[in-house]
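The structure under discussion appears below in the form of structure tokens.
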Amino acid sequence: MLRHTLNRRTLLRTAAALGASTALPRMGWAADEIVATSYPGSFEEAYRSILLPAFAEKSGADAILTPLLGVDQVAKIAAAKNNPPYDVVIFDEGPLLASLDKDILQPYPETPNLAGLPAEFQGEANGGYGPTVTVQIIVLAYNPKKVPPPTDWLDMWKDDYKGRVGLTGMGSSLGTSYMTEIAKRLGGGETDYEPAFQKMKELLPSVAAIAPSPGALAALFQTGEVDIAPNYFNNVMLLKEKGVDVDYVIPQGAPVLIRTSMHVVKNTKAPELAAQYIDTAIAAAVQQKLLDPPFYFVPTNKDVTFGGEVARIASDMGDLLEKGILLDWPTIVKTRPQLIERFNQEIRL
């Protein structure tokens, strides 16, 4: 079993280093490990630093982390349902809804920390397939030493930012969200993205880079390639903690919120460990560490108090939900594959 464990770890870590471009078959299975996905960027950093050690201490098992966008996770599991490459997946609302008709998840059991979440985060809204582990806040990031602070999404078209704009595509929840907000400002919305696509074509001369993921987009502030870009609050704060010249604004003071949940993959050979991993992610002690610098993950466990930079945005989860914007993901997912393809074809450098 040790030989299988080492071979599998080596293969999976190599795949992660290569960007997890393909889903590997399960070459062997060790009873003391699981494979879990994360999003690239701050999620991967935070989970390697805090969640994986906490899970190992609690369970005595290891978790191998594979960074991957949600739409890619769905595709890879659907292609290997009987022998899935992952035991636990992390989804935003869009990929989660797209996964439900593919029968790749199994119901989430009652676990010790589930009661610590408000009812709306325990998984009832997604059919009982898994709890919300964090809420991502979408912001407009900018370099305060090079450009003036924006106030709204449409400010990206101003001459102040010409040649300095960064974007990511609609394959990420971030890309779909900012495109939705731009469409709304131009008379469209979740059922009509035409105004946003036409407006984005006008922006292309000002675009310095289109990154493959939010994490990669955030890294462009470090290299000085972009000075303004949509991104997630926690990505921006992680950069600030590293000393990068970056700050953020919430367009028109109304944050777009993305609910992020974890799920046990159907046909996993380690369902108990998978559930224990997720239960660790929703534990108050773990979420408190994830909220603290440098990661700033918004908690969903009601025993964690908002503080620091997060408290500047909202005093607690109730306040955040009252201020925030929740997009109509059930409507969006009906046409999202076509939207992703169109963005990739039309909005490129």
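Labels for the structure tokens follow display order: chains A, B, ..., residues from 1 in each chain, ligands from 1.
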May I have a table of the residues of stretch 173-274 of chain A lying at most 12 Å from stretch 45-51 of chain A, giving each one's closest pair of atoms and their distance in Å to one decimal, counting only C-alpha atoms, ordered by chain and ascending residue number, as a tab-separated table?
```
residue	atom	partner	partner_atom	distance
A:Gly215	CA	A:Glu45	CA	10.4
A:Asn234	CA	A:Ala46	CA	10.1
A:Asn235	CA	A:Glu45	CA	10.3
A:Leu238	CA	A:Glu45	CA	9.5
A:Leu239	CA	A:Glu45	CA	11.9
```
Print the selection's residues with N, CA and C atoms to a file, as an mmCIF file, in the first residue's frame.
```cif
data_model
loop_
_atom_site.group_PDB
_atom_site.id
_atom_site.type_symbol
_atom_site.label_atom_id
_atom_site.label_comp_id
_atom_site.auth_asym_id
_atom_site.auth_seq_id
_atom_site.Cartn_x
_atom_site.Cartn_y
_atom_site.Cartn_z
ATOM 1 N N GLY A 215 -6.688 33.736 -9.860
ATOM 2 C CA GLY A 215 -5.395 33.704 -9.206
ATOM 3 C C GLY A 215 -4.285 34.215 -10.112
ATOM 4 N N ASN A 234 -10.354 38.392 -1.188
ATOM 5 C CA ASN A 234 -9.279 37.698 -0.488
ATOM 6 C C ASN A 234 -8.013 37.605 -1.344
ATOM 7 N N ASN A 235 -8.156 37.528 -2.670
ATOM 8 C CA ASN A 235 -6.972 37.561 -3.532
ATOM 9 C C ASN A 235 -6.237 38.889 -3.400
ATOM 10 N N LEU A 238 -4.496 39.207 0.002
ATOM 11 C CA LEU A 238 -3.285 38.385 0.059
ATOM 12 C C LEU A 238 -2.127 39.124 -0.610
ATOM 13 N N LEU A 239 -2.404 39.789 -1.736
ATOM 14 C CA LEU A 239 -1.365 40.587 -2.386
ATOM 15 C C LEU A 239 -0.905 41.728 -1.493
#
```
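Among the residues of stretch 236-292 of chain A, backbone DSSP assigns alpha helix (DSSP H) to Val236, Met237, Leu238, Leu239, Lys240, Glu241, Pro271, Glu272, Leu273, Ala274, Ala275, Gln276, Tyr277, Ile278, Asp279, Thr280, Ala281, Ala284, Ala285, Val286, Gln287, Gln288, Lys289, Leu290 and Leu291 of chain A.
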Can I get the selection written as a compact mmCIF listing (two decimals), in the first residue's frame, with N, CA and C atoms?
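Wrote it out as selection.txt, contents follow:
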```
# COMPACT_ATOMS: atom_id res chain seq x y z
N VAL A 236 -7.01 39.98 -3.38
CA VAL A 236 -6.41 41.31 -3.28
C VAL A 236 -5.73 41.49 -1.93
N MET A 237 -6.39 41.04 -0.87
CA MET A 237 -5.80 41.20 0.45
C MET A 237 -4.53 40.36 0.62
N LEU A 238 -4.50 39.21 0.00
CA LEU A 238 -3.29 38.39 0.06
C LEU A 238 -2.13 39.12 -0.61
N LEU A 239 -2.40 39.79 -1.74
CA LEU A 239 -1.37 40.59 -2.39
C LEU A 239 -0.91 41.73 -1.49
N LYS A 240 -1.86 42.40 -0.85
CA LYS A 240 -1.49 43.51 0.04
C LYS A 240 -0.61 43.04 1.18
N GLU A 241 -0.92 41.86 1.71
CA GLU A 241 -0.11 41.32 2.80
C GLU A 241 1.31 41.01 2.34
N PRO A 271 -15.55 7.96 1.43
CA PRO A 271 -16.62 8.93 1.73
C PRO A 271 -16.53 9.51 3.14
N GLU A 272 -16.13 8.69 4.11
CA GLU A 272 -16.05 9.20 5.49
C GLU A 272 -14.94 10.24 5.62
N LEU A 273 -13.78 9.96 5.05
CA LEU A 273 -12.68 10.92 5.10
C LEU A 273 -13.04 12.19 4.33
N ALA A 274 -13.72 12.02 3.21
CA ALA A 274 -14.12 13.18 2.42
C ALA A 274 -15.05 14.09 3.23
N ALA A 275 -16.02 13.49 3.91
CA ALA A 275 -16.93 14.28 4.74
C ALA A 275 -16.18 14.93 5.91
N GLN A 276 -15.21 14.22 6.47
CA GLN A 276 -14.43 14.76 7.58
C GLN A 276 -13.58 15.96 7.12
N TYR A 277 -13.08 15.90 5.90
CA TYR A 277 -12.32 17.02 5.34
C TYR A 277 -13.21 18.27 5.24
N ILE A 278 -14.43 18.08 4.72
CA ILE A 278 -15.35 19.21 4.59
C ILE A 278 -15.76 19.73 5.96
N ASP A 279 -15.99 18.82 6.90
CA ASP A 279 -16.36 19.25 8.25
C ASP A 279 -15.23 20.06 8.89
N THR A 280 -14.00 19.72 8.58
CA THR A 280 -12.87 20.51 9.07
C THR A 280 -12.90 21.91 8.47
N ALA A 281 -13.28 22.02 7.20
CA ALA A 281 -13.32 23.32 6.53
C ALA A 281 -14.38 24.25 7.10
N ALA A 284 -15.26 26.25 13.28
CA ALA A 284 -15.05 27.65 13.66
C ALA A 284 -13.57 27.99 13.79
N ALA A 285 -12.80 27.11 14.40
CA ALA A 285 -11.37 27.39 14.61
C ALA A 285 -10.62 27.52 13.29
N VAL A 286 -10.97 26.67 12.33
CA VAL A 286 -10.32 26.73 11.02
C VAL A 286 -10.76 27.98 10.27
N GLN A 287 -12.05 28.28 10.30
CA GLN A 287 -12.53 29.46 9.59
C GLN A 287 -12.00 30.75 10.22
N GLN A 288 -11.77 30.75 11.52
CA GLN A 288 -11.17 31.92 12.15
C GLN A 288 -9.76 32.15 11.61
N LYS A 289 -8.98 31.09 11.48
CA LYS A 289 -7.63 31.22 10.94
C LYS A 289 -7.66 31.66 9.48
N LEU A 290 -8.64 31.18 8.73
CA LEU A 290 -8.76 31.57 7.33
C LEU A 290 -9.20 33.02 7.18
N LEU A 291 -9.96 33.53 8.15
CA LEU A 291 -10.38 34.93 8.14
C LEU A 291 -9.23 35.86 8.47
```
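Put simply, atom CA of A:Ala209 is 23.5 Å away from atom CA of A:Arg185.
The residue that comes closest to A:Ser42, out of A:Gly94, A:Pro67, A:Gly243, A:Pro205 and on the basis of only C-alpha atoms, is A:Pro67.
For the choices A:Asp316, A:Asp103, A:Asp227, A:Glu57, the atom-to-atom distance to A:Val244 is smallest for A:Asp227 when using only C-alpha atoms.
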Next item on the list: Using DSSP on the backbone, list every residue of stretch 78-260 of chain A that comes out as strand (DSSP E), and give them as a ChimeraX atom specification.
Entry: /A:88-91,132-142,165-168,207-211,228-232,247-249,256-260
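Interatomic distance, atom CA of A:Ala283 to atom CA of A:Thr37: 18.5 Å.
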Check: Contacts of A:Asp87 at 6 Å or less, counting only C-alpha atoms, minus same-chain residues fewer than 5 places along, as a ChimeraX atom specification?
Finding: /A:34-36,265,268
Item checked: A:Tyr39 environment, 12 Å, only C-alpha atoms, sequence neighbours closer than 4 positions dropped, as a PyMOL selection string -> chain A and resi 16+19-20+43-48+65-73+89-92+136+172-174+212-216+232+235+260-262
For the residues in the current selection, export N, CA, C and O atoms as a compact mmCIF listing (two decimals), in the first residue's frame.
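Listed below is the output, out-v7.txt:
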```
# COMPACT_ATOMS: atom_id res chain seq x y z
N ALA A 16 -0.69 18.64 -10.55
CA ALA A 16 -0.99 19.96 -10.01
C ALA A 16 0.03 20.97 -10.49
O ALA A 16 -0.29 22.11 -10.84
N GLY A 19 -0.60 22.31 -13.80
CA GLY A 19 -1.88 22.97 -13.96
C GLY A 19 -3.04 22.02 -14.04
O GLY A 19 -4.13 22.40 -14.44
N ALA A 20 -2.81 20.76 -13.67
CA ALA A 20 -3.88 19.75 -13.68
C ALA A 20 -4.58 19.74 -15.03
O ALA A 20 -5.79 19.76 -15.12
N PHE A 43 -6.97 30.42 -2.66
CA PHE A 43 -7.57 29.21 -2.09
C PHE A 43 -6.51 28.15 -1.87
O PHE A 43 -6.44 27.53 -0.80
N GLU A 44 -5.71 27.93 -2.88
CA GLU A 44 -4.68 26.90 -2.76
C GLU A 44 -3.70 27.26 -1.63
O GLU A 44 -3.35 26.40 -0.80
N GLU A 45 -3.26 28.50 -1.59
CA GLU A 45 -2.32 28.91 -0.54
C GLU A 45 -2.93 28.75 0.85
O GLU A 45 -2.28 28.23 1.77
N ALA A 46 -4.16 29.20 1.01
CA ALA A 46 -4.80 29.15 2.33
C ALA A 46 -5.03 27.71 2.77
O ALA A 46 -4.81 27.36 3.94
N TYR A 47 -5.50 26.88 1.87
CA TYR A 47 -5.81 25.51 2.25
C TYR A 47 -4.55 24.71 2.54
O TYR A 47 -4.53 23.88 3.45
N ARG A 48 -3.48 24.94 1.80
CA ARG A 48 -2.23 24.26 2.11
C ARG A 48 -1.69 24.69 3.46
O ARG A 48 -1.12 23.89 4.21
N LEU A 65 -3.95 18.24 -2.65
CA LEU A 65 -4.72 19.35 -3.17
C LEU A 65 -4.41 19.55 -4.66
O LEU A 65 -3.24 19.62 -5.05
N THR A 66 -5.46 19.66 -5.46
CA THR A 66 -5.32 19.88 -6.89
C THR A 66 -6.05 21.17 -7.27
O THR A 66 -7.27 21.23 -7.19
N PRO A 67 -5.33 22.23 -7.67
CA PRO A 67 -6.00 23.49 -8.04
C PRO A 67 -6.61 23.41 -9.43
O PRO A 67 -5.94 23.01 -10.39
N LEU A 68 -7.88 23.81 -9.52
CA LEU A 68 -8.60 23.66 -10.79
C LEU A 68 -9.85 24.53 -10.75
O LEU A 68 -10.52 24.61 -9.72
N LEU A 69 -10.19 25.16 -11.87
CA LEU A 69 -11.44 25.91 -11.95
C LEU A 69 -12.63 24.95 -11.89
O LEU A 69 -12.55 23.79 -12.27
N GLY A 70 -13.76 25.47 -11.42
CA GLY A 70 -14.94 24.64 -11.20
C GLY A 70 -15.44 23.94 -12.45
O GLY A 70 -15.80 22.76 -12.42
N VAL A 71 -15.51 24.67 -13.57
CA VAL A 71 -16.04 24.05 -14.79
C VAL A 71 -15.15 22.89 -15.23
O VAL A 71 -15.63 21.90 -15.80
N ASP A 72 -13.85 22.99 -14.98
CA ASP A 72 -12.94 21.90 -15.34
C ASP A 72 -13.11 20.71 -14.40
O ASP A 72 -12.98 19.55 -14.82
N GLN A 73 -13.38 20.99 -13.12
CA GLN A 73 -13.63 19.90 -12.18
C GLN A 73 -14.83 19.07 -12.62
O GLN A 73 -14.78 17.83 -12.62
N VAL A 89 -14.71 18.06 -3.94
CA VAL A 89 -14.60 19.17 -4.89
C VAL A 89 -15.12 20.45 -4.23
O VAL A 89 -15.91 20.41 -3.29
N ILE A 90 -14.64 21.57 -4.75
CA ILE A 90 -15.10 22.88 -4.29
C ILE A 90 -15.73 23.59 -5.49
O ILE A 90 -15.13 23.66 -6.57
N PHE A 91 -16.95 24.07 -5.31
CA PHE A 91 -17.68 24.67 -6.41
C PHE A 91 -18.26 26.03 -5.98
O PHE A 91 -18.74 26.18 -4.86
N ASP A 92 -18.24 26.97 -6.91
CA ASP A 92 -19.09 28.14 -6.79
C ASP A 92 -20.47 27.76 -7.29
O ASP A 92 -20.71 26.64 -7.74
N GLN A 136 -17.31 34.51 -1.31
CA GLN A 136 -16.33 35.35 -1.97
C GLN A 136 -16.95 36.69 -2.35
O GLN A 136 -18.08 36.75 -2.84
N SER A 172 -14.52 31.36 -15.31
CA SER A 172 -14.48 31.55 -13.86
C SER A 172 -15.75 32.27 -13.41
O SER A 172 -16.36 33.02 -14.19
N SER A 173 -16.14 32.05 -12.16
CA SER A 173 -17.30 32.78 -11.61
C SER A 173 -17.02 34.27 -11.58
O SER A 173 -17.94 35.09 -11.73
N LEU A 174 -15.77 34.64 -11.37
CA LEU A 174 -15.41 36.06 -11.40
C LEU A 174 -15.73 36.68 -12.74
O LEU A 174 -16.36 37.74 -12.82
N PRO A 212 -5.89 33.29 -17.30
CA PRO A 212 -6.70 32.07 -17.34
C PRO A 212 -7.53 31.82 -16.09
O PRO A 212 -8.44 30.99 -16.10
N SER A 213 -7.22 32.52 -14.98
CA SER A 213 -7.94 32.31 -13.73
C SER A 213 -7.83 33.56 -12.87
O SER A 213 -6.94 34.40 -13.09
N PRO A 214 -8.70 33.71 -11.87
CA PRO A 214 -8.57 34.85 -10.95
C PRO A 214 -7.22 34.90 -10.25
O PRO A 214 -6.66 35.98 -10.04
N GLY A 215 -6.69 33.74 -9.86
CA GLY A 215 -5.39 33.70 -9.21
C GLY A 215 -4.29 34.21 -10.11
O GLY A 215 -3.42 34.99 -9.70
N ALA A 216 -4.31 33.78 -11.37
CA ALA A 216 -3.32 34.25 -12.33
C ALA A 216 -3.48 35.73 -12.62
O ALA A 216 -2.50 36.46 -12.81
N TYR A 232 -11.24 38.84 -6.60
CA TYR A 232 -11.86 38.52 -5.32
C TYR A 232 -11.16 39.28 -4.19
O TYR A 232 -9.93 39.46 -4.20
N ASN A 235 -8.16 37.53 -2.67
CA ASN A 235 -6.97 37.56 -3.53
C ASN A 235 -6.24 38.89 -3.40
O ASN A 235 -5.00 38.94 -3.32
N THR A 260 -19.50 29.68 -2.05
CA THR A 260 -18.59 28.60 -2.42
C THR A 260 -18.78 27.42 -1.48
O THR A 260 -18.74 27.59 -0.26
N SER A 261 -19.00 26.26 -2.04
CA SER A 261 -19.34 25.08 -1.23
C SER A 261 -18.42 23.92 -1.56
O SER A 261 -17.76 23.88 -2.59
N MET A 262 -18.39 22.95 -0.63
CA MET A 262 -17.61 21.71 -0.83
C MET A 262 -18.54 20.52 -0.88
O MET A 262 -19.59 20.51 -0.21
```
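For the atom pair formed by atom CA of A:Met170 and atom CA of A:Leu339, the distance is 7.0 Å, given to one decimal.
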Item checked: Neighbour list for A:Gly253 as a PyMOL selection string, cut-off 12 Å, only C-alpha atoms, skip fewer than 3 positions in-chain -> chain A and resi 137-140+150-153+248-250+256+312-314+320+322-325
Margin query: Please list as a PyMOL selection string every residue within 12 Å of A:Glu190, counting only C-alpha atoms and excluding residues in the same chain fewer than 3 positions away.
Written below: chain A and resi 176-185+187+193-196+326-336+339
Notebook entry, point to check: Could you pull the residues within 9 Å of A:Asp159, counting only C-alpha atoms, minus those fewer than 4 positions along the same chain, as a list in words?
Noted result: Asp155, Gly163 and Ser206 of chain A
Checklist line | Nearest to A:Lys146 by atom-to-atom distance, counting only C-alpha atoms, from A:Ala311, A:Ile282, A:Ala54, A:Ile228 | finding: A:Ile228
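Minimum distance to A:Asn143 across A:Asp245, A:Glu124, A:Glu202, A:Glu346 (counting only C-alpha atoms) occurs at A:Asp245.
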